[in-house]
Each structure stands twice: as structure tokens, then as C-alpha cells.
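Undergrad: Please find run-v6.pdb (PDB, C-alpha atoms) on the next line:
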ATOM      1  CA  MET A   1      11.581 -36.854 -44.073
ATOM      2  CA  VAL A   2      13.992 -38.912 -42.027
ATOM      3  CA  THR A   3      17.417 -39.088 -43.648
ATOM      4  CA  THR A   4      19.946 -41.881 -43.293
ATOM      5  CA  SER A   5      22.248 -39.634 -41.272
ATOM      6  CA  THR A   6      19.456 -38.794 -38.832
ATOM      7  CA  VAL A   7      18.678 -42.468 -38.197
ATOM      8  CA  ALA A   8      22.356 -43.206 -37.724
ATOM      9  CA  ALA A   9      22.723 -40.394 -35.173
ATOM     10  CA  ILE A  10      19.757 -41.686 -33.154
ATOM     11  CA  LEU A  11      21.147 -45.237 -33.148
ATOM     12  CA  VAL A  12      24.527 -43.995 -31.912
ATOM     13  CA  PHE A  13      22.812 -42.011 -29.126
ATOM     14  CA  CYS A  14      20.820 -45.067 -28.021
ATOM     15  CA  SER A  15      23.926 -47.286 -28.103
ATOM     16  CA  LEU A  16      25.859 -44.889 -25.872
ATOM     17  CA  SER A  17      22.927 -44.668 -23.456
ATOM     18  CA  SER A  18      22.510 -48.443 -23.167
ATOM     19  CA  ALA A  19      26.219 -48.830 -22.408
ATOM     20  CA  LYS A  20      25.822 -47.167 -18.984
ATOM     21  CA  PRO A  21      25.522 -49.711 -16.103
ATOM     22  CA  LEU A  22      22.275 -48.106 -14.846
ATOM     23  CA  ASN A  23      19.632 -50.658 -15.860
ATOM     24  CA  LYS A  24      18.993 -49.033 -19.257
ATOM     25  CA  LYS A  25      16.648 -50.976 -21.552
ATOM     26  CA  TRP A  26      15.780 -50.997 -25.227
ATOM     27  CA  HIS A  27      12.063 -51.024 -25.920
ATOM     28  CA  SER A  28      11.000 -54.016 -27.976
ATOM     29  CA  SER A  29       8.368 -51.914 -29.657
ATOM     30  CA  GLY A  30      11.114 -49.863 -31.324
ATOM     31  CA  TRP A  31       9.911 -47.136 -33.661
ATOM     32  CA  ALA A  32       6.371 -48.494 -33.695
ATOM     33  CA  ASN A  33       5.684 -46.806 -30.349
ATOM     34  CA  THR A  34       4.834 -43.133 -30.760
ATOM     35  CA  GLY A  35       3.612 -42.402 -27.227
ATOM     36  CA  SER A  36       4.068 -38.946 -25.717
ATOM     37  CA  ALA A  37       7.319 -38.148 -23.988
ATOM     38  CA  SER A  38       7.042 -38.035 -20.205
ATOM     39  CA  TYR A  39       9.200 -36.983 -17.283
ATOM     40  CA  THR A  40       9.554 -37.482 -13.558
ATOM     41  CA  THR A  41      11.402 -35.295 -11.068
ATOM     42  CA  THR A  42      12.331 -36.134  -7.524
ATOM     43  CA  SER A  43      11.240 -33.787  -4.752
ATOM     44  CA  ILE A  44      11.729 -33.193  -1.043
ATOM     45  CA  LEU A  45       8.719 -35.231   0.062
ATOM     46  CA  GLY A  46       7.958 -37.381  -2.955
ATOM     47  CA  THR A  47       7.903 -37.598  -6.729
ATOM     48  CA  ALA A  48       6.018 -35.244  -9.018
ATOM     49  CA  THR A  49       5.182 -36.648 -12.441
ATOM     50  CA  GLY A  50       3.753 -34.950 -15.499
ATOM     51  CA  TRP A  51       3.532 -34.782 -19.251
ATOM     52  CA  PRO A  52       3.901 -32.061 -21.898
ATOM     53  CA  HIS A  53       0.686 -30.958 -23.552
ATOM     54  CA  HIS A  54       2.110 -32.024 -26.938
ATOM     55  CA  PRO A  55       4.972 -34.458 -27.451
ATOM     56  CA  HIS A  56       6.574 -32.363 -30.156
ATOM     57  CA  GLU A  57       6.594 -28.986 -28.407
ATOM     58  CA  THR A  58       9.942 -27.409 -27.763
ATOM     59  CA  SER A  59      11.222 -26.989 -24.217
ATOM     60  CA  SER A  60      10.512 -23.258 -24.349
ATOM     61  CA  THR A  61       6.795 -23.780 -24.936
ATOM     62  CA  ALA A  62       6.076 -27.098 -23.234
ATOM     63  CA  SER A  63       3.757 -26.756 -20.229
ATOM     64  CA  TYR A  64       4.142 -29.330 -17.464
ATOM     65  CA  TYR A  65       1.622 -30.354 -14.835
ATOM     66  CA  SER A  66       3.497 -30.521 -11.528
ATOM     67  CA  SER A  67       2.957 -29.525  -7.898
ATOM     68  CA  LEU A  68       4.289 -26.097  -6.991
ATOM     69  CA  SER A  69       4.431 -27.195  -3.351
ATOM     70  CA  TYR A  70       7.489 -29.324  -3.981
ATOM     71  CA  ALA A  71      11.076 -28.283  -4.581
ATOM     72  CA  HIS A  72      12.362 -30.287  -7.531
ATOM     73  CA  SER A  73      15.944 -31.429  -7.824
ATOM     74  CA  ALA A  74      17.967 -31.642 -11.043
ATOM     75  CA  SER A  75      17.475 -35.412 -11.364
ATOM     76  CA  THR A  76      15.329 -36.044 -14.455
ATOM     77  CA  THR A  77      14.304 -39.089 -16.455
ATOM     78  CA  VAL A  78      13.387 -38.555 -20.122
ATOM     79  CA  ASP A  79      11.614 -41.115 -22.303
ATOM     80  CA  VAL A  80      12.439 -41.240 -26.025
ATOM     81  CA  PRO A  81      10.590 -43.641 -28.361
ATOM     82  CA  GLY A  82      12.827 -46.627 -28.951
ATOM     83  CA  CYS A  83      15.353 -45.949 -26.198
ATOM     84  CA  THR A  84      15.678 -44.348 -22.768
ATOM     85  CA  ALA A  85      18.343 -41.873 -21.721
ATOM     86  CA  SER A  86      18.588 -41.036 -18.033
ATOM     87  CA  PRO A  87      20.942 -38.223 -17.111
ATOM     88  CA  GLY A  88      21.553 -37.756 -13.402
ATOM     89  CA  SER A  89      21.947 -40.295 -10.651
ATOM     90  CA  GLY A  90      19.742 -42.991 -12.180
ATOM     91  CA  ASP A  91      17.764 -43.439  -8.916
ATOM     92  CA  SER A  92      14.447 -43.384 -10.808
ATOM     93  CA  SER A  93      13.599 -46.401 -12.957
ATOM     94  CA  SER A  94      12.861 -45.946 -16.641
ATOM     95  CA  ILE A  95       9.364 -44.832 -17.471
ATOM     96  CA  GLY A  96       9.379 -46.542 -20.839
ATOM     97  CA  SER A  97       6.822 -46.176 -23.558
ATOM     98  CA  SER A  98       3.907 -47.225 -21.376
ATOM     99  CA  GLY A  99       3.704 -43.975 -19.384
ATOM    100  CA  ASN A 100       4.723 -42.614 -15.966
ATOM    101  CA  THR A 101       5.870 -44.359 -12.789
ATOM    102  CA  GLY A 102       4.980 -43.382  -9.226
ATOM    103  CA  SER A 103       2.026 -41.335  -7.953
ATOM    104  CA  PRO A 104       1.455 -37.634  -8.606
ATOM    105  CA  ALA A 105       2.647 -35.450  -5.753
ATOM    106  CA  PRO A 106      -0.043 -34.070  -3.402
ATOM    107  CA  ALA A 107      -0.857 -30.375  -3.714
ATOM    108  CA  THR A 108       0.467 -29.580  -0.236
ATOM    109  CA  PRO A 109       2.844 -31.418   2.111
ATOM    110  CA  THR A 110       1.057 -33.686   4.559
ATOM    111  CA  GLY A 111       1.513 -33.704   8.314
ATOM    112  CA  LEU A 112       1.960 -29.927   8.626
ATOM    113  CA  SER A 113      -0.385 -27.577  10.452
ATOM    114  CA  LYS A 114      -2.004 -24.733   8.563
ATOM    115  CA  VAL A 115       0.299 -22.290  10.338
ATOM    116  CA  ALA A 116       3.368 -24.232   9.181
ATOM    117  CA  GLN A 117       2.062 -24.381   5.608
ATOM    118  CA  ILE A 118       1.401 -20.627   5.628
ATOM    119  CA  LEU A 119       4.877 -19.887   6.965
ATOM    120  CA  LEU A 120       6.386 -22.035   4.189
ATOM    121  CA  SER A 121       4.383 -20.319   1.437
ATOM    122  CA  ASP A 122       6.378 -18.074  -0.865
ATOM    123  CA  THR A 123       3.791 -15.279  -0.840
ATOM    124  CA  ARG A 124       0.604 -14.287   0.970
ATOM    125  CA  ALA A 125      -1.306 -15.035  -2.244
ATOM    126  CA  ASP A 126       0.094 -18.591  -2.257
ATOM    127  CA  ALA A 127      -0.947 -19.059   1.372
ATOM    128  CA  ILE A 128      -4.502 -17.914   0.681
ATOM    129  CA  ASN A 129      -4.845 -19.905  -2.540
ATOM    130  CA  ASN A 130      -3.338 -23.146  -1.210
ATOM    131  CA  VAL A 131      -4.007 -23.171   2.552
ATOM    132  CA  LEU A 132      -6.828 -20.762   3.435
ATOM    133  CA  LYS A 133      -9.107 -22.005   0.675
ATOM    134  CA  ASP A 134     -12.406 -21.699   2.545
ATOM    135  CA  ASP A 135     -13.984 -18.331   3.350
ATOM    136  CA  ALA A 136     -14.737 -19.734   6.802
ATOM    137  CA  ASP A 137     -10.967 -19.815   7.445
ATOM    138  CA  PHE A 138     -11.204 -16.053   7.942
ATOM    139  CA  VAL A 139     -13.785 -16.185  10.752
ATOM    140  CA  PHE A 140     -13.071 -16.902  14.435
ATOM    141  CA  ASP A 141     -16.051 -17.467  16.723
ATOM    142  CA  PHE A 142     -15.225 -16.606  20.344
ATOM    143  CA  ASN A 143     -18.557 -18.071  21.472
ATOM    144  CA  LYS A 144     -17.808 -21.492  19.987
ATOM    145  CA  ALA A 145     -14.235 -21.358  21.308
ATOM    146  CA  ARG A 146     -15.375 -21.044  24.918
ATOM    147  CA  LYS A 147     -14.742 -24.026  27.182
ATOM    148  CA  PHE A 148     -16.434 -22.613  30.291
ATOM    149  CA  GLY A 149     -13.461 -23.419  32.490
ATOM    150  CA  PRO A 150     -11.160 -24.478  33.980
ATOM    151  CA  GLY A 151     -11.288 -21.623  36.521
ATOM    152  CA  ALA A 152     -14.437 -20.997  38.544
ATOM    153  CA  GLY A 153     -14.490 -17.244  38.002
ATOM    154  CA  GLY A 154     -14.577 -17.033  34.225
ATOM    155  CA  GLU A 155     -12.562 -17.664  31.112
ATOM    156  CA  ILE A 156     -10.105 -16.011  28.722
ATOM    157  CA  VAL A 157     -10.506 -17.081  25.072
ATOM    158  CA  GLN A 158      -7.407 -16.480  22.955
ATOM    159  CA  ALA A 159      -7.293 -15.982  19.193
ATOM    160  CA  ASN A 160      -3.642 -16.560  18.416
ATOM    161  CA  ARG A 161      -2.277 -17.988  15.186
ATOM    162  CA  LYS A 162      -2.588 -21.572  16.408
ATOM    163  CA  ALA A 163      -6.290 -21.150  17.143
ATOM    164  CA  PHE A 164      -6.871 -18.848  14.146
ATOM    165  CA  PRO A 165      -4.289 -19.583  11.417
ATOM    166  CA  ALA A 166      -5.470 -16.678   9.242
ATOM    167  CA  LEU A 167      -3.644 -14.388  11.702
ATOM    168  CA  THR A 168      -0.265 -15.882  10.747
ATOM    169  CA  GLY A 169       2.052 -13.119   9.608
ATOM    170  CA  THR A 170      -0.340 -10.302  10.513
ATOM    171  CA  GLY A 171       1.316  -9.287  13.792
ATOM    172  CA  ILE A 172      -2.001  -9.095  15.644
ATOM    173  CA  GLY A 173      -3.946 -11.297  18.051
ATOM    174  CA  MET A 174      -6.997 -11.012  20.266
ATOM    175  CA  ALA A 175      -8.253 -12.205  23.618
ATOM    176  CA  VAL A 176     -11.792 -11.973  24.972
ATOM    177  CA  GLY A 177     -12.373 -12.261  28.708
ATOM    178  CA  PHE A 178     -15.549 -13.466  30.367
ATOM    179  CA  LEU A 179     -15.370 -12.786  34.113
ATOM    180  CA  GLY A 180     -18.161 -13.896  36.406
ATOM    181  CA  PRO A 181     -19.074 -12.184  39.699
ATOM    182  CA  CYS A 182     -15.813 -11.513  41.576
ATOM    183  CA  GLY A 183     -13.891 -13.208  38.777
ATOM    184  CA  PHE A 184     -10.136 -12.612  38.979
ATOM    185  CA  ASN A 185      -7.709 -12.814  36.057
ATOM    186  CA  THR A 186      -4.547 -13.601  38.002
ATOM    187  CA  PRO A 187      -1.335 -11.515  37.522
ATOM    188  CA  HIS A 188       0.499 -12.352  34.294
ATOM    189  CA  VAL A 189       2.664 -10.937  31.523
ATOM    190  CA  HIS A 190       2.538 -11.281  27.740
ATOM    191  CA  ASN A 191       5.936 -12.337  26.483
ATOM    192  CA  ARG A 192       5.740 -10.912  22.979
ATOM    193  CA  ALA A 193       2.958  -8.327  22.835
ATOM    194  CA  THR A 194       1.467  -5.095  24.097
ATOM    195  CA  GLU A 195      -2.210  -5.368  25.009
ATOM    196  CA  LEU A 196      -5.030  -2.833  24.818
ATOM    197  CA  LEU A 197      -7.865  -3.965  27.098
ATOM    198  CA  ILE A 198     -11.356  -2.589  26.379
ATOM    199  CA  VAL A 199     -14.264  -3.273  28.744
ATOM    200  CA  THR A 200     -17.451  -4.078  26.824
ATOM    201  CA  ALA A 201     -19.775  -4.979  29.726
ATOM    202  CA  GLY A 202     -19.683  -4.468  33.486
ATOM    203  CA  ARG A 203     -16.637  -3.078  35.329
ATOM    204  CA  LEU A 204     -13.069  -4.173  35.881
ATOM    205  CA  VAL A 205     -10.378  -3.164  38.347
ATOM    206  CA  SER A 206      -7.104  -3.044  36.410
ATOM    207  CA  GLU A 207      -3.587  -3.133  37.868
ATOM    208  CA  MET A 208      -0.192  -2.922  36.153
ATOM    209  CA  VAL A 209       3.384  -2.914  37.464
ATOM    210  CA  VAL A 210       5.549  -1.840  34.531
ATOM    211  CA  GLU A 211       9.191  -2.543  35.418
ATOM    212  CA  ASN A 212      12.010  -1.868  37.870
ATOM    213  CA  GLY A 213      12.599   1.860  38.280
ATOM    214  CA  VAL A 214       8.944   2.880  37.900
ATOM    215  CA  VAL A 215       8.211   3.984  41.485
ATOM    216  CA  GLU A 216       5.453   5.845  43.249
ATOM    217  CA  ASP A 217       7.461   7.585  45.982
ATOM    218  CA  ALA A 218      10.961   8.603  47.026
ATOM    219  CA  GLY A 219      11.281   5.372  48.972
ATOM    220  CA  GLY A 220      11.415   3.430  45.733
ATOM    221  CA  LYS A 221       8.156   1.520  46.173
ATOM    222  CA  PRO A 222       7.142   0.058  42.804
ATOM    223  CA  ARG A 223       4.227   1.904  41.241
ATOM    224  CA  ASP A 224       1.011  -0.081  40.826
ATOM    225  CA  VAL A 225      -1.027   1.631  38.090
ATOM    226  CA  THR A 226      -4.609   0.965  39.258
ATOM    227  CA  ASN A 227      -7.866   2.023  37.574
ATOM    228  CA  VAL A 228     -11.541   1.090  37.653
ATOM    229  CA  LEU A 229     -12.772   0.713  34.091
ATOM    230  CA  GLY A 230     -16.379   0.893  32.938
ATOM    231  CA  ALA A 231     -17.973  -0.092  29.630
ATOM    232  CA  LEU A 232     -16.078   1.182  26.566
ATOM    233  CA  GLN A 233     -13.108   2.341  28.636
ATOM    234  CA  ALA A 234      -9.634   1.034  27.822
ATOM    235  CA  THR A 235      -6.138   0.730  29.259
ATOM    236  CA  PRO A 236      -2.811  -0.477  27.772
ATOM    237  CA  TYR A 237      -0.495  -3.107  29.186
ATOM    238  CA  PHE A 238       3.072  -2.836  27.940
ATOM    239  CA  MET A 239       4.908  -5.873  26.622
ATOM    240  CA  GLY A 240       6.352  -7.773  29.595
ATOM    241  CA  ALA A 241       4.551  -5.630  32.193
ATOM    242  CA  LEU A 242       2.858  -7.475  35.070
ATOM    243  CA  HIS A 243      -0.903  -6.872  35.024
ATOM    244  CA  THR A 244      -4.167  -8.259  36.325
ATOM    245  CA  GLN A 245      -7.894  -7.581  36.355
ATOM    246  CA  TYR A 246     -10.842  -8.528  38.512
ATOM    247  CA  ASN A 247     -14.588  -7.993  38.410
ATOM    248  CA  PRO A 248     -15.648  -6.102  41.577
ATOM    249  CA  ASP A 249     -19.389  -6.608  41.027
ATOM    250  CA  CYS A 250     -21.952  -9.347  41.343
ATOM    251  CA  GLY A 251     -22.795  -9.392  37.626
ATOM    252  CA  ASN A 252     -20.753 -10.574  34.674
ATOM    253  CA  ALA A 253     -18.022  -8.492  33.021
ATOM    254  CA  THR A 254     -16.619  -8.858  29.514
ATOM    255  CA  PHE A 255     -13.571  -7.352  27.830
ATOM    256  CA  VAL A 256     -11.781  -7.562  24.497
ATOM    257  CA  SER A 257      -8.021  -7.197  24.168
ATOM    258  CA  PRO A 258      -6.196  -6.745  20.864
ATOM    259  CA  LEU A 259      -2.509  -7.690  21.133
ATOM    260  CA  SER A 260       0.459  -6.751  18.955
ATOM    261  CA  SER A 261       1.463 -10.308  18.042
ATOM    262  CA  GLU A 262      -0.285 -13.356  16.609
ATOM    263  CA  ASP A 263       1.760 -15.403  19.120
ATOM    264  CA  PHE A 264       1.547 -13.144  22.162
ATOM    265  CA  GLY A 265       2.068 -15.765  24.876
ATOM    266  CA  ALA A 266       1.190 -15.503  28.559
ATOM    267  CA  ASN A 267       3.113 -16.252  31.743
ATOM    268  CA  THR A 268       1.120 -16.360  34.987
ATOM    269  CA  MET A 269       3.384 -15.047  37.708
ATOM    270  CA  ALA A 270       2.181 -17.049  40.725
ATOM    271  CA  GLN A 271       2.462 -20.395  38.967
ATOM    272  CA  ALA A 272       5.772 -19.401  37.368
ATOM    273  CA  TYR A 273       7.240 -18.270  40.689
ATOM    274  CA  LEU A 274       6.167 -21.417  42.517
ATOM    275  CA  ALA A 275       7.560 -23.568  39.705
ATOM    276  CA  LEU A 276      11.056 -22.626  40.906
ATOM    277  CA  GLU A 277      13.041 -24.891  43.196
ATOM    278  CA  ASP A 278      12.032 -24.798  46.883
ATOM    279  CA  ASP A 279      15.401 -23.376  47.969
ATOM    280  CA  THR A 280      15.040 -20.542  45.440
ATOM    281  CA  ILE A 281      11.565 -19.668  46.686
ATOM    282  CA  ARG A 282      12.637 -19.699  50.329
ATOM    283  CA  ALA A 283      15.620 -17.496  49.534
ATOM    284  CA  ALA A 284      13.453 -14.989  47.659
ATOM    285  CA  ALA A 285      11.018 -14.880  50.612
ATOM    286  CA  GLY A 286      13.743 -14.342  53.195
ATOM    287  CA  ASN A 287      13.780 -18.004  54.258
ATOM    288  CA  GLN A 288      10.414 -17.514  55.976
ATOM    289  CA  ILE A 289       8.715 -20.337  54.060
ATOM    290  CA  ASP A 290       9.488 -23.958  54.798
ATOM    291  CA  GLY A 291       9.155 -26.809  52.353
ATOM    292  CA  ALA A 292       5.739 -27.923  53.578
ATOM    293  CA  ASP A 293       4.304 -24.435  53.114
ATOM    294  CA  VAL A 294       5.726 -24.228  49.601
ATOM    295  CA  ASP A 295       3.779 -27.328  48.636
ATOM    296  CA  LYS A 296       0.672 -25.878  50.281
ATOM    297  CA  PHE A 297       0.990 -22.627  48.349
ATOM    298  CA  ARG A 298       1.459 -24.534  45.105
ATOM    299  CA  SER A 299      -1.748 -26.479  45.684
ATOM    300  CA  ILE A 300      -3.971 -23.436  46.214
ATOM    301  CA  ILE A 301      -2.987 -21.584  43.053
ATOM    302  CA  SER A 302      -5.950 -21.762  40.667
ATOM    303  CA  THR A 303      -5.723 -21.866  36.885
ATOM    304  CA  ASN A 304      -5.914 -18.614  34.917
ATOM    305  CA  VAL A 305      -9.147 -17.055  36.205
ATOM    306  CA  ALA A 306      -9.956 -17.636  39.879
ATOM    307  CA  LEU A 307     -12.450 -16.547  42.488
ATOM    308  CA  GLY A 308     -10.318 -14.585  44.900
ATOM    309  CA  VAL A 309     -11.263 -11.003  45.852
ATOM    310  CA  GLU A 310     -12.281 -11.006  49.499
ATOM    311  CA  GLN A 311     -14.606  -7.979  49.610
ATOM    312  CA  CYS A 312     -16.421  -8.946  46.442
ATOM    313  CA  LEU A 313     -16.966 -12.476  47.708
ATOM    314  CA  GLN A 314     -18.553 -11.129  50.866
ATOM    315  CA  LYS A 315     -20.683  -8.575  49.010
ATOM    316  CA  CYS A 316     -22.025 -11.160  46.603
ATOM    317  CA  ASN A 317     -22.399 -13.906  49.217
ATOM    318  CA  ILE A 318     -20.063 -16.184  47.343
ATOM    319  CA  PRO A 319     -18.380 -18.758  49.616
ATOM    320  CA  LYS A 320     -14.635 -19.230  49.308
ATOM    321  CA  SER A 321     -13.414 -22.498  47.901
ATOM    322  CA  SER A 322     -12.174 -24.869  50.580
TER     323      SER A 322
END
Using C-alpha cells, write down the structure that the file contains.
TA:
Amino acid sequence: MVTTSTVAAILVFCSLSSAKPLNKKWHSSGWANTGSASYTTTSILGTATGWPHHPHETSSTASYYSSLSYAHSASTTVDVPGCTASPGSGDSSSIGSSGNTGSPAPATPTGLSKVAQILLSDTRADAINNVLKDDADFVFDFNKARKFGPGAGGEIVQANRKAFPALTGTGIGMAVGFLGPCGFNTPHVHNRATELLIVTAGRLVSEMVVENGVVEDAGGKPRDVTNVLGALQATPYFMGALHTQYNPDCGNATFVSPLSSEDFGANTMAQAYLALEDDTIRAAAGNQIDGADVDKFRSIISTNVALGVEQCLQKCNIPKSS
């Protein structure tokens, strides 16, 4: 039963609300409109809109449909039959008795990579439920990822978090190397990971120079840790240590390399060194290289995996690239 005092209180509330210079409107339908209350909340990337299950539920039990991917601000618009009260800034227009305004917010922000969405997820469960929805997201096919280039001697296929977003946050990555006859994986370092190389087919000659101070004789010559690895033999490469491999045989060689980061990185030393200014290179080489030779050396550096081991080339009758 609606008492006279109750009606008077509601009319006072509506009068105070309409007095604000924020485009407040009375609904012509008055008390005849009994539509459900609705709300809209502004968010970082858009507007999320929803309705209570029942218009007469209390705030402690009302359940709202809204996107959990959006951070809502305190700005809220509430629709009351017969009048509209809008606490907050008043940026959103009145919904009125006819329903909501604006479009429902998308489930996930648009324009972000899967890795970015995973990194922004509150929990691993949220990332799996909202980003890695397909079981196929948890499979990486090294065969399909092969590009068969650009080097002539083989290819290194990397499963980092960009290529395989399911690795994000795991702290692991993987590389698989396919080296053809005399294929040479040129000297490089991994900026953020230790590698464990395991030969799965053929043989590899492995070399590693760890760091300054690791020497092989009293004269201070840097130690080059060199081994010939057969199938199912392994060797570690420390984070930041210079290392390389080549296939000394006329058949193919394959290796797998787990790494201790999903974003392990790689820096190929020859290309990095020759990317320096000419004066820097000449100074490091004792000023024995002139500018013309620097350009020549830059032009003969191949990409990633190159044909380059002299004895193997001769043994396998493979002509050197001109």
C-alpha cells in the first residue's frame, strides 16, 4: 500500500533531481511505466550495460550482466519509473523507461594480441577461459611453422610466446633446428635464457665461449668448449654465452633446444658486430680494415643458418656460394 507520505517523498526526490542543470527529464508516462530498472557504467574502452534479473531485488542480491574484461568507474546512471536521477558526472544520457543506451561491451578488448590479453588477465584461469579457449591453442606444430629459409643450410624454428601464446608466463621456450649437409648455425647468444641442446638426428659440432676470464691456458686465451654430439646427446649453453653449431656430415641433422624463457631472444654476433659504426669496427680490428672492406664483409654475412664449413663443403661436393 502506497501511503500519502511515500508519494510525497518520491515527488520531492524527483523535483530535486530535475533541478540539476544536467539534461534531466521527466517521463511523460509517469507511474504508468513499470519497466525494469537498468544501469550503465563507463569503462576504460567502452560502455558496459546490463539489467538486474528482477527489478525489485535489493542491491545485495541483484545479479548484473556485465563484461569482466572492463574496469568500471564510479559513474552510474539509474532509471526510476517516473523520473531519472543521475549521480556522478552526468556524461551518460538518461536511459529512460524505454531501456538501455549504447552497445554491450565486448568480452575482451579488441586490438590486443593474445599474449597481451594473457598478460592483462588477473589469473591463469581467466587467461585460459577468456583467451586460450580452443584446445588447439595448446599445440605448436614445428613442421607447419617451417619456412624452409632464408639461409641455404637449414632453418631454426622458434616457439616463443609470440609464436605460441600458451607459453606466456611459463618461463620456457623451445627451438628446433633443421641443418642440411654442412649447415652452419652462426655464432649467437640468447639474451634472456639458458639453452639445453639435444641432437635427435645426425651429428653436430658444438662450440661455446662462456665469458671473459674463462681461459684454456696460462696465456689467457679464451676457452672454446668444443664437442661433437651424436643422436640423443646434449650440451648446455649458458645465458649470454656465445655458441654455435654446424653439421659436419653430408646428411641432415636435427636438434631440439628447450630454453629457460618464453621470450629468450637471439643476437647473432657477426651481424651485430658489423652493425657498429665503421670507425668502431676498424678500431676493434686494429685499424687493419678500411671502409670498403667493411662493406664487403657486411654483404657476405648470411642470415641465421649458412653454408660455411670448408672441409664439409669439399667432402660433400657442395660448391661455395659466389
Undergrad: Using atom CA of A:Leu313 and atom CA of A:Gly183 as the two end points, give the distance in Å to one decimal.
TA: 9.5 Å
Undergrad: Can you check which parts of stretch 107-178 of chain A lie within 12 Å of stretch 192-196 of chain A? Per residue, the shortest pair of atoms and distance in Å to one decimal, counting only C-alpha atoms, sorted by chain and number, as a Markdown table.
TA:
| residue | atom | partner | partner_atom | distance |
| --- | --- | --- | --- | --- |
| A:Asn160 | CA | A:Ala193 | CA | 11.4 |
| A:Gly171 | CA | A:Ala193 | CA | 9.2 |
| A:Ile172 | CA | A:Ala193 | CA | 8.8 |
| A:Gly173 | CA | A:Ala193 | CA | 8.9 |
| A:Met174 | CA | A:Glu195 | CA | 8.8 |
| A:Ala175 | CA | A:Glu195 | CA | 9.2 |
| A:Val176 | CA | A:Leu196 | CA | 11.4 |
Undergrad: Go ahead and compute the interatomic distance for atom CA of A:Pro319 and atom CA of A:Gln271, in Å to one decimal.
TA: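 Interatomic distance, atom CA of A:Pro319 to atom CA of A:Gln271: 23.5 Å.
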Undergrad: Using the chain letters and residue numbers of this document, give as a list of chain:residue names the residues selected by the PyMOL selection byres ((chain A and resi 315-318) around 9).
TA: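 Selected by the PyMOL selection byres ((chain A and resi 315-318) around 9) here: A:Pro181, A:Cys182, A:Asp249, A:Cys250, A:Glu310, A:Gln311, A:Cys312, A:Leu313, A:Gln314, A:Pro319, A:Lys320.
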Undergrad: Looking at A:Gln245, A:Lys147, A:Gly169, A:Val139, which one is nearest to A:Leu120, with distances taken over all atoms listed in the file?
TA: A:Gly169
Undergrad: Atom CA of A:Pro248 and atom CA of A:Asn212, how far apart in Å?
TA: 28.2 Å
Undergrad: Which residue gives the smallest distance to A:Pro187 among A:Arg124, A:Lys144, A:His243, A:Lys114, with all atoms listed in the file counted?
TA: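 Closest to A:Pro187 of all the choices is A:His243.
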Undergrad: Considering all atoms listed in the file, give me a table of residues in stretch 208-273 of chain A that are at most 9 Å from stretch 197-202 of chain A, with the closest atom pair and distance in Å for each, as a tab-separated table.
TA:
residue	atom	partner	partner_atom	distance
A:Leu229	CA	A:Val199	CA	6.8
A:Gly230	CA	A:Val199	CA	6.3
A:Ala231	CA	A:Thr200	CA	4.9
A:Leu232	CA	A:Val199	CA	5.3
A:Gln233	CA	A:Ile198	CA	5.7
A:Ala234	CA	A:Ile198	CA	4.3
A:Thr235	CA	A:Leu197	CA	5.4
A:Pro236	CA	A:Leu197	CA	6.2
A:Tyr237	CA	A:Leu197	CA	7.7
A:Asn247	CA	A:Gly202	CA	7.9
A:Asp249	CA	A:Gly202	CA	7.8
A:Gly251	CA	A:Gly202	CA	7.1
A:Asn252	CA	A:Gly202	CA	6.3
A:Ala253	CA	A:Gly202	CA	4.4
A:Thr254	CA	A:Ala201	CA	5.0
A:Phe255	CA	A:Val199	CA	4.2
A:Val256	CA	A:Ile198	CA	5.3
A:Ser257	CA	A:Leu197	CA	4.4
A:Pro258	CA	A:Leu197	CA	7.0
A:Leu259	CA	A:Leu197	CA	8.8
Undergrad: Evaluate the PyMOL selection byres ((chain A and resi 269) around 9) here and jot the selected residues down as a ChimeraX atom specification.
TA: /A:186-189,242,267-268,270-274
Undergrad: Name the residues in contact with A:Ile156 at a cut-off of 9 Å, using all atoms listed in the file, excluding same-chain residues fewer than 5 positions from it; report them as a list in words.
TA: Arg146, Gly149, Ala175, Val176, Gly177, Phe178, Leu179, Asn185, Asn304 and Val305 of chain A
